[in-house]
file query.txt (compact mmCIF, C-alpha atoms and all ligand atoms)
# COMPACT_ATOMS: atom_id res chain seq x y z
CA MET N 1 175.26 -19.74 69.33
CA THR N 2 173.42 -17.13 67.23
CA ILE N 3 175.34 -16.78 64.00
CA ILE N 4 175.38 -14.72 60.82
CA ILE N 5 177.32 -16.27 57.94
CA ASP N 6 178.83 -13.73 55.55
CA THR N 7 179.79 -15.55 52.37
CA ASP N 8 180.55 -15.64 48.63
CA PRO N 9 179.50 -19.18 47.67
CA GLY N 10 181.77 -20.70 46.31
CA ILE N 11 182.46 -24.44 46.51
CA ASP N 12 184.13 -24.47 49.94
CA ASP N 13 181.69 -21.85 51.25
CA ALA N 14 178.86 -24.25 50.36
CA ILE N 15 180.42 -27.10 52.36
CA ALA N 16 180.98 -24.78 55.34
CA ILE N 17 177.38 -23.53 55.19
CA LEU N 18 175.94 -27.05 54.94
CA TYR N 19 177.97 -28.12 57.97
CA ALA N 20 176.79 -25.12 59.99
CA LEU N 21 173.13 -25.46 58.93
CA HIS N 22 173.11 -29.08 60.09
CA ASN N 23 174.78 -28.30 63.41
CA ARG N 24 172.17 -27.84 66.13
CA ALA N 25 174.66 -25.93 68.26
CA GLN N 26 175.00 -23.29 65.52
CA ASN N 27 171.80 -21.29 65.07
CA ILE N 28 172.27 -19.62 61.69
CA VAL N 29 169.89 -16.66 61.66
CA ALA N 30 170.96 -15.13 58.34
CA LEU N 31 173.26 -15.57 55.37
CA THR N 32 174.67 -12.31 54.05
CA THR N 33 176.33 -12.36 50.66
CA VAL N 34 179.20 -10.54 49.04
CA ALA N 35 180.83 -10.52 45.60
CA GLY N 36 184.03 -12.55 45.62
CA ASN N 37 184.41 -15.96 44.04
CA ILE N 38 181.76 -14.83 41.59
CA GLY N 39 179.39 -11.86 41.19
CA LEU N 40 176.87 -10.85 43.86
CA SER N 41 173.70 -12.02 42.10
CA VAL N 42 175.20 -15.50 41.76
CA THR N 43 176.57 -15.71 45.33
CA THR N 44 173.15 -14.58 46.60
CA HIS N 45 171.27 -17.14 44.48
CA ASN N 46 173.74 -19.83 45.58
CA ALA N 47 173.19 -19.03 49.26
CA GLY N 48 169.47 -19.73 48.75
CA ARG N 49 170.21 -22.94 46.82
CA ILE N 50 172.46 -24.20 49.62
CA CYS N 51 169.76 -23.51 52.23
CA ALA N 52 167.23 -25.35 50.05
CA LEU N 53 169.49 -28.41 49.91
CA ALA N 54 169.62 -28.40 53.71
CA ASN N 55 165.82 -27.94 53.68
CA VAL N 56 165.86 -24.66 55.59
CA ASP N 57 164.58 -21.23 54.56
CA THR N 58 167.16 -19.14 56.41
CA PRO N 59 166.94 -15.50 55.21
CA VAL N 60 169.52 -14.45 52.61
CA HIS N 61 170.51 -10.77 52.40
CA ALA N 62 172.51 -9.45 49.46
CA GLY N 63 175.46 -7.24 50.38
CA ALA N 64 178.33 -5.52 48.59
CA ALA N 65 178.64 -5.99 44.84
CA ALA N 66 182.18 -4.56 44.74
CA PRO N 67 185.11 -4.04 47.08
CA ILE N 68 185.75 -0.75 48.86
CA GLY N 69 188.26 1.56 47.18
CA LYS N 70 189.53 -0.90 44.63
CA LYS N 71 188.42 -2.67 41.46
CA ALA N 72 187.23 -6.28 41.83
CA ARG N 73 189.82 -8.92 40.94
CA PRO N 74 188.93 -10.99 37.90
CA GLU N 75 187.14 -14.20 38.89
CA THR N 76 189.51 -17.16 39.11
CA GLY N 77 187.07 -19.61 37.49
CA ILE N 78 188.00 -22.30 40.00
CA HIS N 79 184.42 -22.37 41.34
CA GLY N 80 182.91 -22.76 37.84
CA ASN N 81 180.49 -20.50 35.92
CA ASP N 82 177.79 -20.97 38.55
CA GLY N 83 180.11 -20.67 41.57
CA LEU N 84 179.23 -24.20 42.69
CA GLY N 85 181.23 -26.24 40.18
CA GLY N 86 178.11 -27.16 38.18
CA VAL N 87 176.84 -29.36 41.04
CA VAL N 88 173.04 -29.70 40.98
CA PHE N 89 171.30 -27.84 43.82
CA PRO N 90 167.56 -27.22 44.29
CA ASP N 91 166.08 -23.78 43.67
CA PRO N 92 165.91 -21.47 46.70
CA LEU N 93 162.84 -21.97 48.92
CA ARG N 94 162.42 -18.20 49.19
CA ALA N 95 163.60 -15.06 47.40
CA PRO N 96 166.45 -13.02 48.89
CA ASP N 97 165.23 -10.69 51.64
CA SER N 98 164.62 -7.07 50.65
CA GLN N 99 166.82 -5.87 53.54
CA ASP N 100 170.47 -5.51 52.52
CA ALA N 101 173.28 -7.43 54.25
CA VAL N 102 174.51 -4.59 56.44
CA GLY N 103 170.95 -3.60 57.40
CA ALA N 104 170.28 -7.20 58.42
CA MET N 105 173.50 -7.37 60.45
CA ILE N 106 172.55 -4.19 62.30
CA ALA N 107 168.99 -5.40 62.96
CA ILE N 108 170.17 -8.78 64.29
CA LEU N 109 172.94 -7.30 66.44
CA ASP N 110 170.66 -4.63 67.91
CA ALA N 111 167.79 -7.07 68.57
CA ASN N 112 169.96 -9.55 70.49
CA PRO N 113 171.67 -8.94 73.83
CA PRO N 114 175.23 -7.60 73.43
CA GLN N 115 177.95 -10.23 72.97
CA THR N 116 175.60 -13.02 71.95
CA VAL N 117 175.93 -12.93 68.14
CA ASP N 118 178.87 -14.48 66.28
CA LEU N 119 179.92 -13.78 62.70
CA PHE N 120 181.41 -16.35 60.33
CA CYS N 121 183.22 -14.65 57.43
CA LEU N 122 183.87 -16.90 54.45
CA GLY N 123 184.61 -14.29 51.79
CA PRO N 124 186.03 -10.78 51.33
CA LEU N 125 185.37 -8.60 54.39
CA THR N 126 183.50 -5.85 52.51
CA ASN N 127 180.15 -6.22 54.34
CA LEU N 128 181.82 -6.17 57.76
CA ALA N 129 183.80 -3.04 56.86
CA LEU N 130 180.56 -1.38 55.70
CA LEU N 131 178.91 -2.37 59.00
CA LEU N 132 181.78 -0.70 60.87
CA GLU N 133 181.20 2.44 58.84
CA ARG N 134 177.38 2.47 59.09
CA SER N 135 176.93 1.38 62.70
CA PRO N 136 180.11 0.97 64.76
CA LYS N 137 177.91 0.66 67.88
CA SER N 138 176.21 -2.42 66.44
CA ALA N 139 179.58 -3.90 65.45
CA LYS N 140 180.74 -3.55 69.07
CA ARG N 141 177.90 -5.93 70.05
CA ILE N 142 179.46 -8.83 68.07
CA ARG N 143 180.73 -11.55 70.41
CA SER N 144 183.22 -13.08 68.00
CA ILE N 145 184.27 -13.05 64.38
CA ILE N 146 185.92 -16.03 62.76
CA ALA N 147 187.21 -15.32 59.25
CA MET N 148 189.01 -17.40 56.64
CA GLY N 149 191.70 -15.31 55.03
CA GLY N 150 195.32 -14.36 54.59
CA ALA N 151 198.64 -16.17 54.55
CA ILE N 152 201.27 -15.77 57.27
CA ASP N 153 204.27 -18.04 56.54
CA GLU N 154 202.65 -19.88 53.63
CA PRO N 155 202.74 -18.51 50.08
CA GLY N 156 199.51 -16.83 48.97
CA ASN N 157 197.06 -18.17 46.39
CA VAL N 158 196.58 -14.99 44.33
CA GLY N 159 200.04 -13.47 44.77
CA PRO N 160 203.34 -14.39 46.42
CA LYS N 161 201.95 -13.48 49.86
CA ALA N 162 198.34 -12.60 49.03
CA GLU N 163 195.28 -14.74 49.76
CA PHE N 164 192.03 -14.25 47.83
CA ASN N 165 189.62 -13.08 50.57
CA ILE N 166 191.98 -10.39 51.89
CA ALA N 167 193.40 -9.40 48.50
CA HIS N 168 189.94 -9.04 46.93
CA ASP N 169 189.22 -6.16 49.31
CA PRO N 170 192.35 -5.17 51.26
CA HIS N 171 190.82 -1.85 52.35
CA ALA N 172 187.95 -3.70 54.00
CA ALA N 173 190.32 -6.14 55.70
CA ALA N 174 192.46 -3.28 56.97
CA ALA N 175 189.40 -1.49 58.38
CA VAL N 176 188.29 -4.69 60.14
CA LEU N 177 191.73 -5.25 61.71
CA ALA N 178 191.90 -1.62 62.81
CA ALA N 179 188.56 -1.94 64.63
CA GLU N 180 190.16 -4.52 66.96
CA LEU N 181 186.96 -6.51 67.36
CA PRO N 182 187.28 -10.04 68.85
CA PHE N 183 188.68 -11.44 65.61
CA THR N 184 190.12 -14.87 64.82
CA LEU N 185 191.67 -15.36 61.41
CA ILE N 186 192.23 -18.76 59.79
CA PRO N 187 194.90 -18.26 57.11
CA LEU N 188 196.12 -20.63 54.41
CA ASP N 189 198.77 -21.82 56.90
CA ALA N 190 195.99 -23.73 58.70
CA THR N 191 193.40 -24.32 55.96
CA ARG N 192 195.91 -25.99 53.63
CA GLN N 193 196.35 -28.65 56.32
CA LEU N 194 192.67 -29.69 56.15
CA ARG N 195 192.59 -31.63 52.89
CA ALA N 196 190.10 -33.88 51.12
CA ASP N 197 191.27 -36.71 48.89
CA ALA N 198 189.48 -39.37 46.83
CA ALA N 199 189.00 -41.59 49.90
CA TYR N 200 187.32 -38.71 51.74
CA ILE N 201 185.00 -38.08 48.78
CA LYS N 202 184.03 -41.76 48.88
CA ALA N 203 183.42 -41.62 52.63
CA LEU N 204 181.08 -38.65 52.09
CA GLN N 205 179.23 -40.46 49.30
CA ASP N 206 178.91 -43.63 51.37
CA THR N 207 176.91 -41.82 54.05
CA GLY N 208 173.96 -41.65 51.63
CA ARG N 209 173.01 -38.22 53.06
CA ALA N 210 172.12 -35.36 50.71
CA SER N 211 174.48 -32.73 52.14
CA ALA N 212 177.41 -35.16 52.33
CA ILE N 213 176.79 -36.35 48.77
CA ALA N 214 176.58 -32.74 47.53
CA SER N 215 179.82 -31.94 49.39
CA ALA N 216 181.50 -34.92 47.71
CA ALA N 217 180.37 -33.60 44.31
CA LEU N 218 181.61 -30.10 45.19
CA ILE N 219 185.06 -31.40 46.18
CA ASP N 220 185.11 -33.48 43.01
CA ALA N 221 184.39 -30.36 40.94
CA TYR N 222 187.21 -28.60 42.79
CA PHE N 223 189.53 -31.48 41.80
CA ALA N 224 188.45 -31.19 38.18
CA ALA N 225 189.38 -27.49 38.20
CA THR N 226 192.84 -28.21 39.57
CA ASN N 227 193.76 -31.23 37.48
CA GLY N 228 196.29 -33.56 38.88
CA ALA N 229 196.00 -32.60 42.57
CA GLU N 230 195.77 -35.58 44.91
CA SER N 231 193.94 -33.64 47.58
CA ARG N 232 192.33 -30.24 47.92
CA PRO N 233 192.22 -27.88 50.90
CA LEU N 234 188.89 -27.25 52.60
CA HIS N 235 189.38 -23.56 53.41
CA ASP N 236 186.00 -22.20 54.51
CA PRO N 237 184.78 -25.27 56.46
CA CYS N 238 187.55 -24.43 58.95
CA VAL N 239 185.41 -21.49 60.14
CA PRO N 240 182.35 -23.32 61.55
CA LEU N 241 184.66 -26.16 62.61
CA LEU N 242 186.76 -23.77 64.69
CA ALA N 243 183.63 -22.41 66.38
CA GLN N 244 182.58 -25.95 67.25
CA HIS N 245 185.98 -27.50 68.00
CA PRO N 246 188.45 -24.83 69.13
CA GLU N 247 190.45 -27.58 70.84
CA LEU N 248 191.38 -28.94 67.39
CA PHE N 249 193.14 -25.71 66.34
CA GLN N 250 196.41 -24.10 67.42
CA ILE N 251 195.65 -20.42 67.91
CA GLU N 252 198.24 -17.73 68.64
CA PRO N 253 198.10 -13.96 69.07
CA ARG N 254 199.70 -11.94 66.25
CA MET N 255 200.11 -8.24 65.48
CA LEU N 256 199.05 -7.63 61.88
CA ASP N 257 198.06 -5.14 59.21
CA VAL N 258 197.25 -5.37 55.50
CA ASP N 259 199.44 -4.14 52.64
CA LEU N 260 196.87 -2.25 50.59
CA GLU N 261 198.89 -2.57 47.39
CA THR N 262 199.39 -6.34 47.36
CA GLY N 263 196.65 -7.53 49.73
CA ALA N 264 199.23 -9.41 51.80
CA LEU N 265 199.15 -9.57 55.59
CA ILE N 266 202.12 -7.79 57.13
CA ALA N 267 203.35 -7.10 60.65
CA GLY N 268 201.39 -4.22 62.13
CA PRO N 269 199.79 -2.69 65.19
CA TYR N 270 196.51 -4.67 65.32
CA HIS N 271 195.82 -7.61 67.65
CA VAL N 272 194.49 -10.71 65.92
CA GLN N 273 194.09 -14.31 67.07
CA VAL N 274 195.45 -16.50 64.27
CA ALA N 275 194.94 -20.23 63.75
CA MET N 276 198.33 -21.48 62.57
CA GLY N 277 197.71 -25.23 62.82
CA LEU N 278 194.99 -27.83 63.20
CA ASP N 279 194.27 -31.49 63.88
CA ALA N 280 193.36 -32.55 60.34
CA ASP N 281 192.16 -36.07 61.17
CA GLY N 282 189.96 -34.86 64.00
CA LEU N 283 188.44 -32.10 61.87
CA ARG N 284 187.87 -34.33 58.83
CA ALA N 285 185.97 -36.75 61.10
CA ALA N 286 183.94 -33.89 62.62
CA LEU N 287 183.06 -32.51 59.16
CA LEU N 288 182.02 -35.95 57.88
CA ALA N 289 179.84 -36.54 60.95
CA GLY N 290 178.30 -33.06 60.70
CA LEU N 291 177.45 -33.39 57.01
CA SER N 292 175.94 -36.83 57.55
CA CYS N 293 173.25 -35.96 60.07
C1 LIG R 1 189.22 -18.42 49.96
O1 LIG R 1 189.01 -17.87 48.66
C2 LIG R 1 187.88 -18.44 48.06
O2 LIG R 1 188.14 -18.84 46.76
C3 LIG R 1 187.44 -19.58 48.93
O3 LIG R 1 186.02 -19.69 48.95
C4 LIG R 1 187.98 -19.23 50.29
O4 LIG R 1 187.06 -18.44 51.01
C5 LIG R 1 190.51 -19.20 49.95
O5 LIG R 1 191.59 -18.35 49.65
CA CA R 2 184.75 -18.19 50.31

call {"tool": "encode", "arguments": {"input": "query.txt", "output": "structure tokens"}}
result
Amino acid sequence: MTIIIDTDPGIDDAIAILYALHNRAQNIVALTTVAGNIGLSVTTHNAGRICALANVDTPVHAGAAAPIGKKARPETGIHGNDGLGGVVFPDPLRAPDSQDAVGAMIAILDANPPQTVDLFCLGPLTNLALLLERSPKSAKRIRSIIAMGGAIDEPGNVGPKAEFNIAHDPHAAAAVLAAELPFTLIPLDATRQLRADAAYIKALQDTGRASAIASAALIDAYFAATNGAESRPLHDPCVPLLAQHPELFQIEPRMLDVDLETGALIAGPYHVQVAMGLDADGLRAALLAGLSC
């Protein structure tokens, strides 16, 4: 699989990226960054730090610093001042690439045969919407998009029905749905089922492997920010896990749109594959194994 990861790291983004970078079946050719959990310069720097921890120098391309047609939401603070919960990461092995995120997406999509490049979206969908605007022909060459975002039956996490990634840039999400690309969405309904508790943190630490130990520290920081919780959801890791283990997810077709006012998903005319459930034990084991190699 040839993959671009579009991301706003972010504690759970970092765990997802580490898993994907260690997975030989997932050839990550670029990380493209977007403002979301924290500002663009920090998400871009963090993407480089995460690659350095995994000892790879995958190119990082900075993307959109602000959502389309709407002011950025205030940062929630849950990912800490540095976006990675204060967990120590090495400095990037290389500076961000001079090519911007959308330019890099276009170059990668046009250089590879059609329907061979997959996109993992771990943050607001701003860069993908800008790609659709700048080069719809290149976007048509994407084989699959897997995105974490939205809430279907579950309550939202930034509003009664609104989830952060969609609500941060609802115009972008609406443009992406309207394009009817091969799009699988993993909403809170599924990601809240994949949880890490203290025993899982210990299992990660016990592996003695750098990426697993860093992931344990990231989850720990996530606990600290949400005092009292016995377990925390691992939202973004669901994306590379679904690409690797589709058999561990329950996926159904839905017809959706985005309410531009609230950022909530609503019934609409656009076809989307939606992961509504998952095998949490199977996926926790797969994540642990992937982070330990
Ligand atoms: C999503 O929002 C961000 O805070 C997380 O990184 C994840 O992508 C969960 O709603
Ligand atoms: Ca994210």

call {"tool": "residues_around", "arguments": {"input": "query.txt", "residues": "Gly48 (chain N)", "least_positions_apart": "5", "cutoff": "8 Å", "atoms": "all atoms listed in the file", "output": "list in words"}}
result
Asp57, Val60, Asp91, Pro92, Leu93, Arg94, Ala95 and Pro96 of chain N

call {"tool": "residues_near_ligand", "arguments": {"input": "query.txt", "ligand": "ligand LIG 1 (chain R)", "cutoff": "7 Å", "atoms": "all atoms listed in the file", "output": "count of residues only"}}
result
18

call {"tool": "closest_residue", "arguments": {"input": "query.txt", "among": "N:Gln26, N:Thr184, N:Ser292, N:Thr43", "to": "Thr207 (chain N)", "atoms": "all atoms listed in the file"}}
result
N:Ser292

call {"tool": "residues_near_point", "arguments": {"input": "query.txt", "point": "(188.1, -11.4, 72.8)", "cutoff": "9 Å", "atoms": "all atoms listed in the file", "output": "list in words"}}
result
Arg143, Ser144, Leu181, Pro182, Phe183, Thr184 and Gln273 of chain N

call {"tool": "write_last_selection", "arguments": {"input": "query.txt", "atoms": "C-alpha atoms", "output": "CSV table (one decimal), in the frame of the given file"}}
result
chain,number,residue,atom,x,y,z
N,143,ARG,CA,180.7,-11.6,70.4
N,144,SER,CA,183.2,-13.1,68.0
N,181,LEU,CA,187.0,-6.5,67.4
N,182,PRO,CA,187.3,-10.0,68.8
N,183,PHE,CA,188.7,-11.4,65.6
N,184,THR,CA,190.1,-14.9,64.8
N,273,GLN,CA,194.1,-14.3,67.1

call {"tool": "residues_around", "arguments": {"input": "query.txt", "residues": "Ile152 (chain N)", "least_positions_apart": "6", "cutoff": "10 Å", "atoms": "only C-alpha atoms", "output": "PyMOL selection string"}}
result
chain N and resi 161-163+186-190+254+256+264-267+274+276

call {"tool": "closest_residue", "arguments": {"input": "query.txt", "among": "N:Lys140, N:Ile4, N:Leu287, N:Ile28", "to": "Ala212 (chain N)", "atoms": "all atoms listed in the file"}}
result
N:Leu287

call {"tool": "atom_distance", "arguments": {"input": "query.txt", "atom1": "CA of Gly39 (chain N)", "atom2": "CA of Ala174 (chain N)"}}
result
22.2 Å

call {"tool": "closest_residue", "arguments": {"input": "query.txt", "among": "N:Pro59, N:Pro90, N:Gly268, N:Pro237", "to": "ligand CA 2 (chain R)", "atoms": "all atoms listed in the file"}}
result
N:Pro237

call {"tool": "atom_distance", "arguments": {"input": "query.txt", "atom1": "CA of Ile201 (chain N)", "atom2": "CA of Ala216 (chain N)"}}
result
4.8 Å

call {"tool": "atom_distance", "arguments": {"input": "query.txt", "atom1": "CA of Arg141 (chain N)", "atom2": "CA of Pro113 (chain N)"}}
result
7.9 Å

call {"tool": "closest_residue", "arguments": {"input": "query.txt", "among": "N:Gly156, N:Gly282, N:Gly86, N:Gly208", "to": "Phe249 (chain N)", "atoms": "all atoms listed in the file"}}
result
N:Gly282

call {"tool": "closest_residue", "arguments": {"input": "query.txt", "among": "N:Leu84, N:Leu288, N:Ala199, N:Ala104", "to": "Ala47 (chain N)", "atoms": "all atoms listed in the file"}}
result
N:Leu84

call {"tool": "closest_residue", "arguments": {"input": "query.txt", "among": "N:His168, N:His61, N:Arg24, N:Arg284", "to": "ligand CA 2 (chain R)", "atoms": "all atoms listed in the file"}}
result
N:His168

call {"tool": "residues_around", "arguments": {"input": "query.txt", "residues": "Ala214 (chain N)", "least_positions_apart": "2", "cutoff": "10 Å", "atoms": "all atoms listed in the file", "output": "PyMOL selection string"}}
result
chain N and resi 14-15+18+50+53+87-89+204-205+209-212+216-220+291

call {"tool": "axis_aligned_box", "arguments": {"input": "query.txt", "around": "region 33-48 of chain N", "padding_each_side": "5 Å", "output": "JSON"}}
result
{"center_x": 176.9, "center_y": -15.2, "center_z": 45.9, "size_x": 24.9, "size_y": 19.3, "size_z": 19.5}

call {"tool": "build_atoms", "arguments": {"input": "query.txt", "residues": "region 232-247 of chain N", "atoms": "N, CA and C atoms", "output": "CSV table (one decimal), in the coordinates of the input"}}
result
chain,number,residue,atom,x,y,z
N,232,ARG,N,192.6,-31.7,48.0
N,232,ARG,CA,192.3,-30.2,47.9
N,232,ARG,C,192.1,-29.7,49.3
N,233,PRO,N,192.5,-28.5,49.6
N,233,PRO,CA,192.2,-27.9,50.9
N,233,PRO,C,190.8,-27.5,51.1
N,234,LEU,N,190.3,-27.6,52.3
N,234,LEU,CA,188.9,-27.2,52.6
N,234,LEU,C,189.0,-26.0,53.4
N,235,HIS,N,189.1,-24.8,52.7
N,235,HIS,CA,189.4,-23.6,53.4
N,235,HIS,C,188.2,-23.2,54.3
N,236,ASP,N,187.1,-22.8,53.7
N,236,ASP,CA,186.0,-22.2,54.5
N,236,ASP,C,185.4,-23.1,55.6
N,237,PRO,N,185.3,-24.4,55.4
N,237,PRO,CA,184.8,-25.3,56.5
N,237,PRO,C,185.5,-25.1,57.8
N,238,CYS,N,186.8,-24.6,57.7
N,238,CYS,CA,187.6,-24.4,59.0
N,238,CYS,C,186.8,-23.4,59.9
N,239,VAL,N,186.0,-22.5,59.3
N,239,VAL,CA,185.4,-21.5,60.1
N,239,VAL,C,184.4,-22.1,61.1
N,240,PRO,N,183.3,-22.7,60.6
N,240,PRO,CA,182.4,-23.3,61.6
N,240,PRO,C,183.0,-24.4,62.4
N,241,LEU,N,184.0,-25.1,61.8
N,241,LEU,CA,184.7,-26.2,62.6
N,241,LEU,C,185.4,-25.6,63.8
N,242,LEU,N,186.0,-24.4,63.6
N,242,LEU,CA,186.8,-23.8,64.7
N,242,LEU,C,185.8,-23.3,65.8
N,243,ALA,N,184.6,-22.8,65.4
N,243,ALA,CA,183.6,-22.4,66.4
N,243,ALA,C,183.2,-23.6,67.2
N,244,GLN,N,183.1,-24.8,66.6
N,244,GLN,CA,182.6,-26.0,67.2
N,244,GLN,C,183.7,-26.7,68.0
N,245,HIS,N,184.9,-26.7,67.4
N,245,HIS,CA,186.0,-27.5,68.0
N,245,HIS,C,187.3,-26.7,68.1
N,246,PRO,N,187.2,-25.6,69.0
N,246,PRO,CA,188.4,-24.8,69.1
N,246,PRO,C,189.6,-25.6,69.6
N,247,GLU,N,189.4,-26.7,70.3
N,247,GLU,CA,190.4,-27.6,70.8
N,247,GLU,C,191.2,-28.3,69.7
